[in-house]
Each structure stands twice: as C-alpha cells, then as structure tokens.
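Before any comments, here is the structure.
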Amino acid sequence: MDKQHFQQLVKGVREMKRHAAGKTVRGVKTADLSVPSVRSIREAAQISQSQFAKLIGVNLRTLQNWEQERTKPTGPARALLKIVASDPKALAALHE
C-alpha cells in the first residue's frame with residue numbers, strides 16, 4: 001500500500017469515528033429516526049408499563065430500557081411507537 005492510499009484509509013477511519021460520535025461528516029446524510037419519549041407515549045395512553053409492553057409485544061424489561069433510554073426501539077417497534085404517539089387510541093386496535 002502506498003502512502004497516499006494509507007492516508008486516505010486513515011482519513012476514512014477518522015470520519016467513521018466522528019460519525020459514530022454523532023458529529024457531522026461531510027457527504028453523510030442521516031435520516032431522522034427519532035422516536036418521542038417512550039415514557040411519554042405510554043403515559044399519554046394512560047396504561048402501566050406491563051400493560052403497554054404486553055400490548056406492543058415486547059418484554060417488560062425491554063420497555064423499561066427504552067423508557068430509561070439505555071436502549072432505543074428499532075424497526076417495527078419504532079414504527080408502532082410513532083403510530084401510538086400520533087394517536088394513543090390506536091392501542092385499542094391491539095386489544096382485538
């Protein structure tokens with residue numbers, strides 16, 4: 001590997017580190033994957049943690065981790081939470 005290619009590789013690794021730290025990296029576009037506070041969504045629906053976890057099909061501990069922001073919901077769970085955030089009555093459909 002010549003010096004120029006090595007320098008490009010080092011630059012790329014530094015940019016990955018900046019991106020992983022949440023800093024802006026030129027040429028990188030990010031989607032808004034944010035979810036409103038899981039706790040606020042649940043509280044708006046006025047149900048307990050255990051009831052909410054059961055309704056959305058996740059383990060109670062998973063829900064607690066989301067509410068305490070130790071982990072973040074992903075994929076279908078995030079989509080479902082966005083639906084419930086926009087209309088807490090949507091949970092009624094999960095009862096059926």
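Please note that chains go A, B, ... in the order of the structure tokens, that every chain numbers its residues from 1, and that ligands are numbered from 1 in the order shown.
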
DSSP-assigned helix (DSSP H, G or I) among chain A, expressed as a count of residues only: 62

Just want the 12 Å neighbourhood of Gln46 of chain A, counted on only C-alpha atoms, with same-chain residues fewer than 6 positions away dropped. Output as a list in words.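 Contacts, with the query itself left out: Arg39, Ser40, Phe52, Val84, Pro88, Lys89 and Leu91 of chain A.
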
What is the atom CA of Ala93 of chain A to atom CA of Ile56 of chain A distance in Å?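 Between atom CA of Ala93 of chain A and atom CA of Ile56 of chain A the gap is 10.8 Å.
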
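Relative to atom CA of Gln7 of chain A, atom CA of Arg26 of chain A is found at 17.2 Å.
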
Choose the residue, out of A:Ser37, A:Ala90, A:Ala45, A:Gln51, that has the smallest atom-to-atom separation from Trp66 of chain A; count only C-alpha atoms.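 Residue with the minimum atom-to-atom distance to Trp66 of chain A: A:Ser37.
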
Return the single residue from A:Ala77, A:Ile83, A:Leu9, A:Ala92 that is closest to Ile47 of chain A, with distances computed using only C-alpha atoms.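 Ranking A:Ala77, A:Ile83, A:Leu9, A:Ala92 by distance to Ile47 of chain A, first place goes to A:Ala92.
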
Rank A:Lys11, A:Gln4, A:Lys23, A:Thr74 by their smallest atom-to-atom distance to Thr62 of chain A, using only C-alpha atoms, and report the top residue only.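 Residue with the minimum atom-to-atom distance to Thr62 of chain A: A:Thr74.
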